[in-house]
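Peer 1: Take a look at upload.tsv, TSV, C-alpha atoms:
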```
chain	number	residue	atom	x	y	z
E	30	MET	CA	29.67	14.32	-12.05
E	31	LYS	CA	28.96	10.68	-11.17
E	32	LEU	CA	30.54	11.10	-7.78
E	33	LEU	CA	28.34	14.05	-7.12
E	34	VAL	CA	25.23	12.11	-8.08
E	35	LEU	CA	26.33	9.19	-5.91
E	36	ALA	CA	26.97	11.47	-2.98
E	37	VAL	CA	23.55	13.04	-3.41
E	38	LEU	CA	21.96	9.59	-3.49
E	39	VAL	CA	23.80	8.48	-0.34
E	40	LEU	CA	22.77	11.64	1.44
E	41	ALA	CA	19.20	11.07	0.34
E	42	VAL	CA	19.28	7.50	1.69
E	43	PHE	CA	20.78	8.61	4.99
E	44	SER	CA	18.22	11.39	5.20
E	45	THR	CA	15.42	8.90	4.57
E	46	GLU	CA	16.74	6.44	7.16
E	47	PHE	CA	17.07	9.25	9.70
E	48	GLU	CA	13.54	10.45	9.11
E	49	THR	CA	12.24	6.90	9.36
E	50	SER	CA	14.07	6.30	12.65
E	51	LEU	CA	12.90	9.61	14.02
E	52	GLU	CA	9.31	8.85	13.07
E	53	GLN	CA	9.60	5.44	14.81
E	54	LEU	CA	10.60	7.18	18.03
E	55	GLN	CA	7.89	9.77	17.72
E	56	GLU	CA	5.18	7.12	17.20
E	57	THR	CA	5.35	5.83	20.81
E	58	GLN	CA	5.17	7.54	24.16
E	59	PHE	CA	8.39	5.79	25.20
E	60	GLY	CA	10.20	7.01	22.04
E	61	GLN	CA	9.01	10.55	22.63
E	62	THR	CA	10.34	10.37	26.19
E	63	ILE	CA	13.74	9.23	24.87
E	64	LEU	CA	13.79	12.11	22.37
E	65	GLN	CA	12.90	14.56	25.13
E	66	THR	CA	15.70	13.15	27.28
E	67	ILE	CA	18.21	13.46	24.39
E	68	GLN	CA	16.98	16.97	23.66
E	69	MET	CA	17.49	18.01	27.27
E	70	GLU	CA	21.03	16.62	27.21
E	71	LEU	CA	21.85	18.33	23.89
E	72	GLN	CA	20.65	21.66	25.19
E	73	THR	CA	23.33	21.70	27.88
E	74	GLU	CA	26.45	23.80	27.32
E	75	ASP	CA	28.71	20.77	26.96
E	76	PRO	CA	26.64	17.72	25.87
E	77	VAL	CA	28.39	14.39	26.28
E	78	VAL	CA	27.44	11.69	23.82
E	79	SER	CA	28.70	8.91	26.08
E	80	ASN	CA	26.30	10.00	28.76
E	81	LEU	CA	23.43	9.57	26.31
E	82	VAL	CA	24.73	6.15	25.30
E	83	ASP	CA	25.16	5.09	28.92
E	84	MET	CA	21.70	6.37	29.68
E	85	MET	CA	20.24	4.31	26.85
E	86	TYR	CA	22.28	1.28	27.98
E	87	ASN	CA	21.07	1.63	31.55
E	88	LEU	CA	17.53	1.98	30.31
E	89	ASP	CA	17.98	-1.15	28.21
E	90	GLN	CA	19.40	-3.02	31.21
E	91	GLN	CA	16.46	-1.89	33.30
E	92	LEU	CA	14.08	-3.31	30.71
E	93	ASP	CA	15.99	-6.62	30.79
E	94	VAL	CA	15.69	-6.72	34.57
E	95	GLU	CA	11.97	-6.01	34.38
E	96	GLN	CA	11.58	-8.68	31.74
E	97	LYS	CA	13.52	-11.17	33.86
E	98	ARG	CA	11.35	-10.29	36.81
E	99	ASP	CA	8.17	-10.77	34.79
E	100	ASP	CA	9.51	-14.04	33.35
E	101	ASP	CA	10.16	-15.37	36.83
E	102	ARG	CA	6.80	-14.09	38.01
E	103	LEU	CA	5.04	-15.69	35.04
E	104	ALA	CA	6.84	-18.97	35.73
E	105	ARG	CA	5.63	-18.92	39.34
E	106	ILE	CA	2.12	-17.93	38.27
E	107	SER	CA	2.04	-20.64	35.60
E	108	GLN	CA	3.27	-23.23	38.09
E	109	ASN	CA	0.73	-22.15	40.69
E	110	CYS	CA	-2.00	-22.07	38.05
E	111	ASP	CA	-1.12	-25.56	36.85
E	112	ILE	CA	-1.05	-26.86	40.45
E	113	GLU	CA	-4.30	-25.17	41.50
E	114	ILE	CA	-6.14	-26.00	38.28
E	115	GLY	CA	-4.85	-29.56	38.51
E	116	GLN	CA	-6.06	-29.83	42.10
E	117	LEU	CA	-9.43	-28.35	41.20
E	118	THR	CA	-9.70	-30.69	38.22
E	119	GLU	CA	-8.91	-33.67	40.45
E	120	ILE	CA	-11.50	-32.55	43.01
E	121	ILE	CA	-14.08	-32.03	40.24
E	122	ASN	CA	-13.32	-35.41	38.68
E	123	GLN	CA	-13.43	-37.21	42.03
E	124	ASN	CA	-16.70	-35.58	43.02
E	125	THR	CA	-18.13	-36.24	39.56
E	126	VAL	CA	-17.30	-39.91	40.02
E	127	ASN	CA	-18.87	-39.78	43.49
E	128	SER	CA	-21.97	-38.13	42.03
E	129	ILE	CA	-22.26	-40.83	39.36
E	130	THR	CA	-21.77	-43.52	42.02
E	131	LEU	CA	-24.42	-41.96	44.25
E	132	LYS	CA	-26.82	-41.63	41.31
E	133	SER	CA	-26.28	-45.30	40.51
E	134	GLU	CA	-26.92	-46.13	44.17
E	135	LEU	CA	-30.11	-44.05	44.14
E	136	ASP	CA	-31.19	-45.70	40.88
E	137	THR	CA	-30.83	-49.03	42.68
E	138	LEU	CA	-32.31	-48.03	46.05
E	139	THR	CA	-35.35	-46.17	44.71
E	140	PRO	CA	-36.84	-49.17	42.81
E	141	GLN	CA	-36.01	-51.39	45.78
E	142	LYS	CA	-37.97	-49.09	48.07
E	143	ALA	CA	-40.85	-48.92	45.59
E	144	GLN	CA	-40.89	-52.73	45.40
E	145	ALA	CA	-40.72	-53.00	49.20
E	146	VAL	CA	-43.62	-50.53	49.55
E	147	ALA	CA	-45.66	-52.55	47.04
E	148	ASN	CA	-44.79	-55.77	48.89
E	149	LEU	CA	-45.76	-54.13	52.19
E	150	GLU	CA	-49.09	-53.05	50.73
E	151	ARG	CA	-49.74	-56.58	49.50
E	152	LYS	CA	-48.64	-57.97	52.87
E	153	VAL	CA	-51.02	-55.60	54.72
E	154	ASN	CA	-53.85	-56.75	52.43
E	155	GLU	CA	-52.81	-60.35	53.04
E	156	ILE	CA	-52.94	-59.79	56.81
E	157	LYS	CA	-56.35	-58.16	56.41
E	158	ASP	CA	-57.57	-61.12	54.34
E	159	LEU	CA	-56.14	-63.62	56.85
E	160	LYS	CA	-57.84	-61.82	59.75
E	161	GLY	CA	-61.07	-61.68	57.78
E	162	GLU	CA	-60.81	-65.37	56.92
E	163	LEU	CA	-60.05	-66.25	60.54
E	164	GLU	CA	-63.01	-64.19	61.74
E	165	TYR	CA	-65.25	-65.76	59.08
E	166	GLN	CA	-64.14	-69.29	59.93
E	167	THR	CA	-64.58	-68.58	63.66
E	168	LEU	CA	-68.06	-67.20	63.06
E	169	LYS	CA	-68.82	-70.17	60.80
E	170	ARG	CA	-67.60	-72.55	63.52
E	171	ASP	CA	-69.77	-70.82	66.11
E	172	THR	CA	-72.74	-71.08	63.77
E	173	GLU	CA	-72.01	-74.76	63.11
E	174	ASN	CA	-71.69	-75.42	66.84
E	175	LYS	CA	-74.96	-73.63	67.54
E	176	THR	CA	-76.62	-75.62	64.77
E	177	TYR	CA	-75.11	-78.79	66.22
E	178	GLN	CA	-76.43	-77.91	69.67
E	179	VAL	CA	-79.87	-77.23	68.23
E	180	ILE	CA	-79.81	-80.54	66.34
E	181	LEU	CA	-78.56	-82.30	69.46
E	182	ASP	CA	-81.33	-80.73	71.57
E	183	ASN	CA	-83.92	-81.68	68.95
E	184	LEU	CA	-82.61	-85.26	68.83
E	185	GLU	CA	-82.72	-85.38	72.63
E	186	GLN	CA	-86.30	-84.13	72.54
E	187	ALA	CA	-87.18	-86.63	69.83
E	188	LEU	CA	-85.54	-89.44	71.78
E	189	PHE	CA	-87.34	-88.34	74.89
E	190	GLY	CA	-90.62	-88.22	72.96
E	191	VAL	CA	-90.08	-91.65	71.43
E	192	ASN	CA	-89.26	-93.11	74.85
E	193	GLN	CA	-92.34	-91.46	76.28
E	194	VAL	CA	-94.52	-92.91	73.54
E	195	LYS	CA	-92.86	-96.30	74.08
E	196	GLY	CA	-93.74	-95.96	77.73
E	197	TYR	CA	-97.34	-95.22	76.88
E	198	PHE	CA	-97.61	-98.24	74.59
E	199	ASN	CA	-95.76	-100.44	77.10
E	200	LYS	CA	-98.22	-99.47	79.84
E	201	TYR	CA	-101.13	-100.12	77.53
E	202	LEU	CA	-99.53	-103.39	76.47
E	203	ASP	CA	-99.08	-104.37	80.13
E	204	VAL	CA	-102.79	-103.83	80.66
E	205	LEU	CA	-103.60	-105.93	77.61
E	206	VAL	CA	-101.27	-108.71	78.72
E	207	LYS	CA	-102.65	-108.73	82.26
E	208	ASN	CA	-106.17	-108.84	80.98
E	209	ARG	CA	-105.33	-111.65	78.59
E	210	ARG	CA	-103.66	-113.68	81.32
E	211	ARG	CA	-106.57	-113.19	83.63
E	212	PHE	CA	-108.95	-114.55	81.03
E	213	ASP	CA	-106.55	-117.35	80.08
E	214	LYS	CA	-106.59	-118.95	83.65
E	215	PRO	CA	-107.84	-122.65	83.79
E	216	GLU	CA	-111.27	-123.30	85.40
E	217	PRO	CA	-110.95	-124.39	89.05
E	218	SER	CA	-112.06	-127.97	90.13
E	219	PHE	CA	-115.09	-128.71	92.28
E	220	LEU	CA	-113.04	-128.98	95.45
E	221	GLU	CA	-111.23	-125.71	94.65
E	222	GLU	CA	-114.58	-123.97	94.23
E	223	LEU	CA	-115.78	-125.21	97.65
E	224	SER	CA	-112.63	-124.44	99.50
E	225	PHE	CA	-112.12	-120.96	100.84
E	226	LYS	CA	-109.02	-119.25	99.67
E	227	TYR	CA	-107.95	-115.75	100.59
E	228	GLU	CA	-106.54	-113.84	97.68
E	229	GLU	CA	-104.76	-110.59	98.18
E	230	GLN	CA	-106.22	-107.95	95.95
E	231	PRO	CA	-103.59	-106.46	93.60
E	232	GLU	CA	-103.01	-102.83	94.03
E	233	GLU	CA	-104.41	-100.77	91.26
E	234	ASP	CA	-102.14	-98.60	89.19
E	235	ASP	CA	-102.20	-94.93	89.86
E	236	GLU	CA	-104.87	-93.31	87.86
E	237	PRO	CA	-102.59	-90.76	86.16
E	238	THR	CA	-100.33	-93.51	84.79
E	239	LYS	CA	-102.91	-96.16	84.03
E	240	ILE	CA	-103.61	-96.52	80.31
E	241	THR	CA	-106.43	-98.82	79.31
E	242	SER	CA	-107.13	-97.81	75.71
E	243	PHE	CA	-105.60	-96.52	72.47
E	244	ALA	CA	-107.58	-93.35	73.00
E	245	GLN	CA	-105.56	-92.56	76.10
E	246	VAL	CA	-102.36	-93.31	74.19
E	247	ALA	CA	-103.44	-90.98	71.38
E	248	GLN	CA	-104.36	-88.27	73.88
E	249	LYS	CA	-100.96	-88.42	75.57
E	250	VAL	CA	-99.13	-88.53	72.24
E	251	ASN	CA	-101.07	-85.47	71.09
E	252	LYS	CA	-99.94	-83.59	74.18
E	253	LEU	CA	-96.34	-84.71	73.67
E	254	LYS	CA	-95.98	-83.90	69.97
E	255	HIS	CA	-96.26	-80.16	70.60
E	256	HIS	CA	-92.88	-80.26	72.41
E	257	ILE	CA	-91.07	-81.93	69.51
E	258	LYS	CA	-89.42	-79.50	67.04
E	259	LEU	CA	-87.96	-81.88	64.44
E	260	GLU	CA	-90.61	-82.15	61.73
E	261	GLY	CA	-89.84	-85.79	60.88
E	262	TYR	CA	-90.24	-87.02	64.43
E	263	LYS	CA	-93.17	-84.70	65.04
E	264	SER	CA	-94.86	-86.24	62.01
E	265	LEU	CA	-94.02	-89.69	63.36
E	266	LEU	CA	-95.79	-88.92	66.63
E	267	GLU	CA	-98.75	-87.57	64.68
E	268	ILE	CA	-98.84	-90.87	62.78
E	269	MET	CA	-98.66	-92.79	66.08
E	270	SER	CA	-101.50	-90.69	67.49
E	271	SER	CA	-103.54	-91.22	64.32
E	272	LEU	CA	-102.98	-94.99	64.42
E	273	ALA	CA	-104.00	-95.09	68.07
E	274	ASN	CA	-107.17	-93.13	67.31
E	275	GLN	CA	-107.97	-95.38	64.37
E	276	ALA	CA	-107.37	-98.47	66.46
E	277	HIS	CA	-109.69	-97.11	69.17
E	278	SER	CA	-112.39	-96.15	66.70
E	279	GLN	CA	-112.32	-99.62	65.12
E	280	GLN	CA	-112.69	-101.22	68.57
E	281	ASP	CA	-110.40	-104.07	67.69
E	282	GLU	CA	-110.27	-107.07	69.90
E	283	ALA	CA	-107.70	-107.18	72.66
E	284	SER	CA	-105.50	-109.63	70.74
E	285	GLU	CA	-105.41	-107.37	67.72
E	286	ALA	CA	-104.69	-104.35	69.93
E	287	GLU	CA	-101.83	-106.26	71.52
E	288	VAL	CA	-100.42	-107.18	68.08
E	289	LEU	CA	-100.70	-103.56	66.89
E	290	SER	CA	-99.08	-102.30	70.05
E	291	ARG	CA	-96.18	-104.65	69.64
E	292	LYS	CA	-95.75	-103.60	66.00
E	293	LEU	CA	-95.79	-99.96	66.98
E	294	LEU	CA	-93.28	-100.63	69.77
E	295	ALA	CA	-91.01	-102.35	67.24
E	296	ILE	CA	-91.27	-99.30	64.99
E	297	LEU	CA	-90.51	-97.00	67.91
E	298	LYS	CA	-87.51	-99.13	68.80
E	299	GLN	CA	-86.22	-98.77	65.25
E	300	VAL	CA	-86.83	-95.04	65.44
E	301	GLU	CA	-85.00	-94.92	68.75
E	302	GLY	CA	-82.06	-96.75	67.13
E	303	TYR	CA	-82.13	-94.35	64.21
E	304	ILE	CA	-82.10	-91.37	66.58
E	305	GLN	CA	-79.15	-92.84	68.44
E	306	THR	CA	-77.40	-93.43	65.10
E	307	GLU	CA	-78.16	-89.84	64.04
E	308	ARG	CA	-76.79	-88.58	67.33
E	309	ILE	CA	-73.59	-90.57	66.89
E	310	ARG	CA	-73.30	-89.33	63.31
E	311	GLU	CA	-73.83	-85.74	64.39
E	312	ASP	CA	-71.25	-86.17	67.18
E	313	GLN	CA	-68.75	-87.58	64.71
E	314	ALA	CA	-69.49	-84.82	62.19
E	315	GLU	CA	-69.10	-82.20	64.91
E	316	GLN	CA	-65.82	-83.73	66.02
E	317	ALA	CA	-64.63	-83.72	62.40
E	318	ARG	CA	-65.67	-80.08	62.07
E	319	VAL	CA	-63.89	-79.21	65.33
E	320	SER	CA	-60.73	-80.98	64.15
E	321	ALA	CA	-60.87	-79.32	60.73
E	322	PHE	CA	-61.47	-75.90	62.29
E	323	THR	CA	-58.65	-76.41	64.79
E	324	ALA	CA	-56.25	-77.32	61.98
E	325	LEU	CA	-57.49	-74.45	59.79
E	326	LYS	CA	-57.29	-72.00	62.69
E	327	GLN	CA	-53.74	-73.10	63.47
E	328	MET	CA	-52.77	-72.76	59.82
E	329	LEU	CA	-54.32	-69.29	59.53
E	330	THR	CA	-52.73	-68.25	62.83
E	331	ASP	CA	-49.31	-69.46	61.66
E	332	GLN	CA	-49.78	-67.63	58.35
E	333	LEU	CA	-50.87	-64.50	60.23
E	334	VAL	CA	-47.82	-64.66	62.51
E	335	GLN	CA	-45.54	-65.14	59.49
E	336	ALA	CA	-47.30	-62.33	57.62
E	337	ASN	CA	-46.86	-59.98	60.60
E	338	GLN	CA	-43.19	-60.92	60.79
E	339	ASP	CA	-42.87	-60.24	57.05
E	340	ARG	CA	-44.62	-56.90	57.50
E	341	THR	CA	-42.26	-55.94	60.32
E	342	PHE	CA	-39.30	-56.96	58.15
E	343	LEU	CA	-40.61	-54.94	55.19
E	344	GLU	CA	-41.27	-51.91	57.40
E	345	GLY	CA	-37.70	-52.13	58.69
E	346	MET	CA	-36.40	-52.54	55.12
E	347	ILE	CA	-38.37	-49.51	53.93
E	348	GLN	CA	-37.10	-47.46	56.87
E	349	SER	CA	-33.54	-48.53	56.12
E	350	LEU	CA	-33.93	-47.83	52.39
E	351	SER	CA	-35.51	-44.44	53.14
E	352	THR	CA	-32.58	-43.55	55.38
E	353	LYS	CA	-30.08	-44.66	52.74
E	354	ILE	CA	-31.94	-42.77	49.99
E	355	ALA	CA	-32.12	-39.61	52.10
E	356	SER	CA	-28.43	-39.91	52.98
E	357	ALA	CA	-27.41	-40.58	49.36
E	358	THR	CA	-29.64	-37.73	48.13
E	359	ASN	CA	-28.15	-35.26	50.60
E	360	GLU	CA	-24.63	-36.46	49.87
E	361	LYS	CA	-25.23	-36.22	46.11
E	362	PHE	CA	-26.59	-32.71	46.54
E	363	GLU	CA	-23.45	-31.70	48.44
E	364	VAL	CA	-21.21	-33.43	45.89
E	365	ASP	CA	-23.00	-31.80	42.94
E	366	LEU	CA	-22.82	-28.43	44.69
E	367	LYS	CA	-19.12	-28.96	45.26
E	368	VAL	CA	-18.64	-29.87	41.59
E	369	THR	CA	-20.51	-26.69	40.58
E	370	ASN	CA	-18.54	-24.48	42.97
E	371	LYS	CA	-15.19	-26.03	42.10
E	372	SER	CA	-15.97	-25.83	38.38
E	373	ARG	CA	-16.78	-22.14	38.78
E	374	GLU	CA	-13.62	-21.68	40.86
E	375	LYS	CA	-11.57	-23.50	38.23
E	376	GLU	CA	-13.09	-21.38	35.47
E	377	ASP	CA	-12.32	-18.20	37.42
E	378	ARG	CA	-8.79	-19.40	38.07
E	379	GLU	CA	-8.26	-20.24	34.41
E	380	VAL	CA	-9.53	-16.80	33.42
E	381	ASP	CA	-7.22	-15.17	35.97
E	382	CYS	CA	-4.25	-17.18	34.70
E	383	ARG	CA	-5.09	-16.27	31.09
E	384	LEU	CA	-5.35	-12.58	32.03
E	385	LYS	CA	-1.97	-12.73	33.75
E	386	ARG	CA	-0.51	-14.41	30.67
E	387	VAL	CA	-2.07	-11.76	28.43
E	388	GLU	CA	-0.72	-9.07	30.74
E	389	TYR	CA	2.72	-10.66	30.55
E	390	ASP	CA	2.53	-10.86	26.77
E	391	VAL	CA	1.44	-7.22	26.53
E	392	ASP	CA	4.28	-6.11	28.83
E	393	THR	CA	6.77	-8.28	26.97
E	394	LYS	CA	5.63	-6.89	23.62
E	395	SER	CA	5.86	-3.39	25.03
E	396	ARG	CA	9.38	-3.98	26.28
E	397	ILE	CA	10.41	-5.42	22.93
E	398	GLY	CA	9.14	-2.21	21.32
E	399	GLN	CA	10.92	-0.14	23.95
E	400	LYS	CA	14.18	-2.01	23.38
E	401	LYS	CA	13.78	-1.39	19.64
E	402	SER	CA	13.24	2.28	20.39
E	403	ILE	CA	16.38	2.31	22.54
E	404	ALA	CA	18.34	0.65	19.73
E	405	VAL	CA	17.06	3.25	17.25
E	406	ALA	CA	17.99	6.06	19.67
E	407	VAL	CA	21.47	4.63	20.20
E	408	ASP	CA	21.91	4.40	16.43
E	409	LEU	CA	20.85	8.02	16.01
E	410	ILE	CA	23.12	9.14	18.83
E	411	THR	CA	26.13	7.27	17.55
E	412	SER	CA	25.73	7.71	13.81
E	413	LYS	CA	23.38	10.59	13.14
E	414	LEU	CA	23.86	12.86	16.12
E	415	GLY	CA	24.19	15.99	13.99
E	416	GLN	CA	20.97	15.40	12.15
E	417	LEU	CA	19.31	14.48	15.40
E	418	LYS	CA	20.55	17.61	17.15
E	419	ARG	CA	19.36	19.84	14.34
E	420	ALA	CA	16.01	18.18	14.23
E	421	LEU	CA	15.48	18.36	17.97
E	422	LEU	CA	16.81	21.87	18.47
E	423	ALA	CA	14.86	23.14	15.49
E	424	LYS	CA	11.58	22.47	17.35
```
When written as structure tokens, how does the structure in this file appear?
Peer 2:
Amino acid sequence: MKLLVLAVLVLAVFSTEFETSLEQLQETQFGQTILQTIQMELQTEDPVVSNLVDMMYNLDQQLDVEQKRDDDRLARISQNCDIEIGQLTEIINQNTVNSITLKSELDTLTPQKAQAVANLERKVNEIKDLKGELEYQTLKRDTENKTYQVILDNLEQALFGVNQVKGYFNKYLDVLVKNRRRFDKPEPSFLEELSFKYEEQPEEDDEPTKITSFAQVAQKVNKLKHHIKLEGYKSLLEIMSSLANQAHSQQDEASEAEVLSRKLLAILKQVEGYIQTERIREDQAEQARVSAFTALKQMLTDQLVQANQDRTFLEGMIQSLSTKIASATNEKFEVDLKVTNKSREKEDREVDCRLKRVEYDVDTKSRIGQKKSIAVAVDLITSKLGQLKRALLAK
């Protein structure tokens, strides 16, 4: 009785294992194909089990060959992926470094250009100021020279007027002296009075130049003062004319007129000396102004030449910096574009490599399942062929 129960249990286990194995084969398309192949072989008049086993073995060997082929292919793909991704990474890294270097260069060049432009603007303003100062100083010098010429002309006129007035008083003084000498002659003796002596009559002075009174002096001074422009000297001549008129109106004696004339001549001589001193002072002042202007003009000219040289240098620097900035900007754009393109290419390559790896894993997993199915089929063929035949032929 126990043996019978044990046998029943063993048969039940074998039956369960068979059903499980059969279900495993039926679950996959590959397993179903194997079952169909076995079924076709079993339906022949003289089925040969060894043929089924050899068929399964050949199929298993074929899967090994395919796996070996995919392994080798995956190794090549992985190697190529590593090489290409490594190369792309190196290119990206190198161009990233170049981009950083170019950005640093631009960060240095751009402020330099801005500073150079600001310096150029200041230099242009400096040149404008120097030109304006030179024009102002030149105009000022011309004005000073014209003023000097006017002063010089006025002093010449004043000197001429003073000399003219001196001439008038000298002529009048000559008349006074001659008259005084004529009246101061000693009385002749009795014999001299009786003797005849021929005396040559002195020639009279020309009427236009003969001055016999202060009134004539005042008249001539009045005519002369209208040609004098300097107020001080014009006033002096007015005073001289007034004194002459007063002296004439008072009808002083000849001796007093002579004394007054000599006093006035002494004053005029002092005035003449003062005019000469003023002229010398003005000449010296003008020479000092000329020297100062010459030195200032030379200094401004030198500064203007240097400023123009600085401007030319700054313009060249700005042009050079602009060229460098444009070149660095274009190069950075190309480098950044290359980094972007190579990064995208690297990403695409990594995705492609991952897909090939996933494909390999899927195929490998599928082959592992197929090999398991082959092993199950071989087990059924070798150990449970009867059950298998009944199950397959019953369909």
Peer 1: So, with all atoms listed in the file as the atoms that count, which of E:Ile180, E:Leu422, E:Val368, E:Val334 lies closest to E:Glu307?
Peer 2: E:Ile180
Peer 1: Would you work out the distance separating atom CA of E:Lys400 from atom CA of E:Leu88, expressed in Å to one decimal?
Peer 2: 8.7 Å
Peer 1: What is the atom CA of E:Gln58 to atom CA of E:Ala406 distance in Å?
Peer 2: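 Taking atom CA of E:Gln58 as the start and atom CA of E:Ala406 as the end point, the length is 13.7 Å.
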Peer 1: Using all atoms listed in the file for the distances, tell me which of E:Asn174, E:Arg386, E:Arg396, E:Lys292 is nearest to E:Asp312.
Peer 2: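 Using all atoms listed in the file, the shortest distance to E:Asp312 belongs to E:Asn174.
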Peer 1: Could you state the separation of atom CA of E:Ile112 and atom CA of E:Glu95 in Å, given to one decimal place?
Peer 2: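 That distance, rounded to one decimal, is 25.3 Å.
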Peer 1: For E:Ile304, which residue among E:Asp331, E:Asp182, E:Glu48, E:Glu376 is the nearest when counting all atoms listed in the file?
Peer 2: E:Asp182
Peer 1: Skip E:Leu159 itself and residues of its chain fewer than 5 positions away, then list as an MDAnalysis selection string all residues within 8 Å of it, counting all atoms listed in the file.
Peer 2: chainID E and resid 329 332:333
Peer 1: E:Glu315, E:Glu173, E:Asp99, E:Asp381: which is nearest E:Thr393, counting all atoms listed in the file?
Peer 2: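 Going through E:Glu315, E:Glu173, E:Asp99, E:Asp381 one by one, the smallest distance to E:Thr393 is for E:Asp99.
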Peer 1: Show me, as a list in words, the residues that have an atom within 8 Å of stretch 347-360 of chain E when counting only C-alpha atoms, minus same-chain residues fewer than 2 positions from it.
Peer 2: Leu131, Glu134, Leu135, Leu138, Thr139, Gln141, Lys142, Ala145, Val146, Leu343, Glu344, Gly345, Phe362, Glu363 and Val364 of chain E
Peer 1: With distances taken over all atoms listed in the file, which of E:Gln327, E:Asn337, E:Asn192, E:Thr167 is nearest to E:Asn154?
Peer 2: E:Asn337
Peer 1: Could you rebuild stretch 326-339 of chain E with N, CA, C and O atoms and give me the result as a short mmCIF file (atom, residue, chain, number, x, y, z; two decimals), keeping the file's coordinate frame?
Peer 2:
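Output (part_38.cif):
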```
data_model
loop_
_atom_site.label_atom_id
_atom_site.label_comp_id
_atom_site.auth_asym_id
_atom_site.auth_seq_id
_atom_site.Cartn_x
_atom_site.Cartn_y
_atom_site.Cartn_z
N LYS E 326 -57.61 -73.14 61.83
CA LYS E 326 -57.29 -72.00 62.69
C LYS E 326 -55.80 -71.92 62.96
O LYS E 326 -55.19 -70.83 62.92
N GLN E 327 -55.18 -73.09 63.22
CA GLN E 327 -53.74 -73.10 63.47
C GLN E 327 -52.97 -72.67 62.23
O GLN E 327 -52.00 -71.90 62.32
N MET E 328 -53.43 -73.14 61.06
CA MET E 328 -52.77 -72.76 59.82
C MET E 328 -52.89 -71.26 59.57
O MET E 328 -51.91 -70.58 59.24
N LEU E 329 -54.11 -70.73 59.74
CA LEU E 329 -54.32 -69.29 59.53
C LEU E 329 -53.55 -68.47 60.56
O LEU E 329 -52.99 -67.41 60.22
N THR E 330 -53.49 -68.96 61.80
CA THR E 330 -52.73 -68.25 62.83
C THR E 330 -51.25 -68.24 62.50
O THR E 330 -50.58 -67.19 62.62
N ASP E 331 -50.73 -69.39 62.05
CA ASP E 331 -49.31 -69.46 61.66
C ASP E 331 -49.03 -68.52 60.49
O ASP E 331 -48.02 -67.80 60.47
N GLN E 332 -49.95 -68.53 59.51
CA GLN E 332 -49.78 -67.63 58.35
C GLN E 332 -49.85 -66.17 58.78
O GLN E 332 -49.11 -65.33 58.27
N LEU E 333 -50.73 -65.88 59.74
CA LEU E 333 -50.87 -64.50 60.23
C LEU E 333 -49.62 -64.07 60.98
O LEU E 333 -49.15 -62.93 60.81
N VAL E 334 -49.06 -64.98 61.80
CA VAL E 334 -47.82 -64.66 62.51
C VAL E 334 -46.69 -64.41 61.52
O VAL E 334 -45.94 -63.45 61.64
N GLN E 335 -46.59 -65.30 60.50
CA GLN E 335 -45.54 -65.14 59.49
C GLN E 335 -45.74 -63.85 58.70
O GLN E 335 -44.78 -63.12 58.40
N ALA E 336 -47.01 -63.55 58.37
CA ALA E 336 -47.30 -62.33 57.62
C ALA E 336 -46.94 -61.08 58.44
O ALA E 336 -46.40 -60.10 57.90
N ASN E 337 -47.22 -61.11 59.74
CA ASN E 337 -46.86 -59.98 60.60
C ASN E 337 -45.35 -59.83 60.70
O ASN E 337 -44.82 -58.72 60.73
N GLN E 338 -44.65 -60.97 60.77
CA GLN E 338 -43.19 -60.92 60.79
C GLN E 338 -42.67 -60.35 59.47
O GLN E 338 -41.74 -59.52 59.47
N ASP E 339 -43.26 -60.78 58.36
CA ASP E 339 -42.87 -60.24 57.05
C ASP E 339 -43.15 -58.74 56.97
O ASP E 339 -42.35 -57.98 56.42
#
```
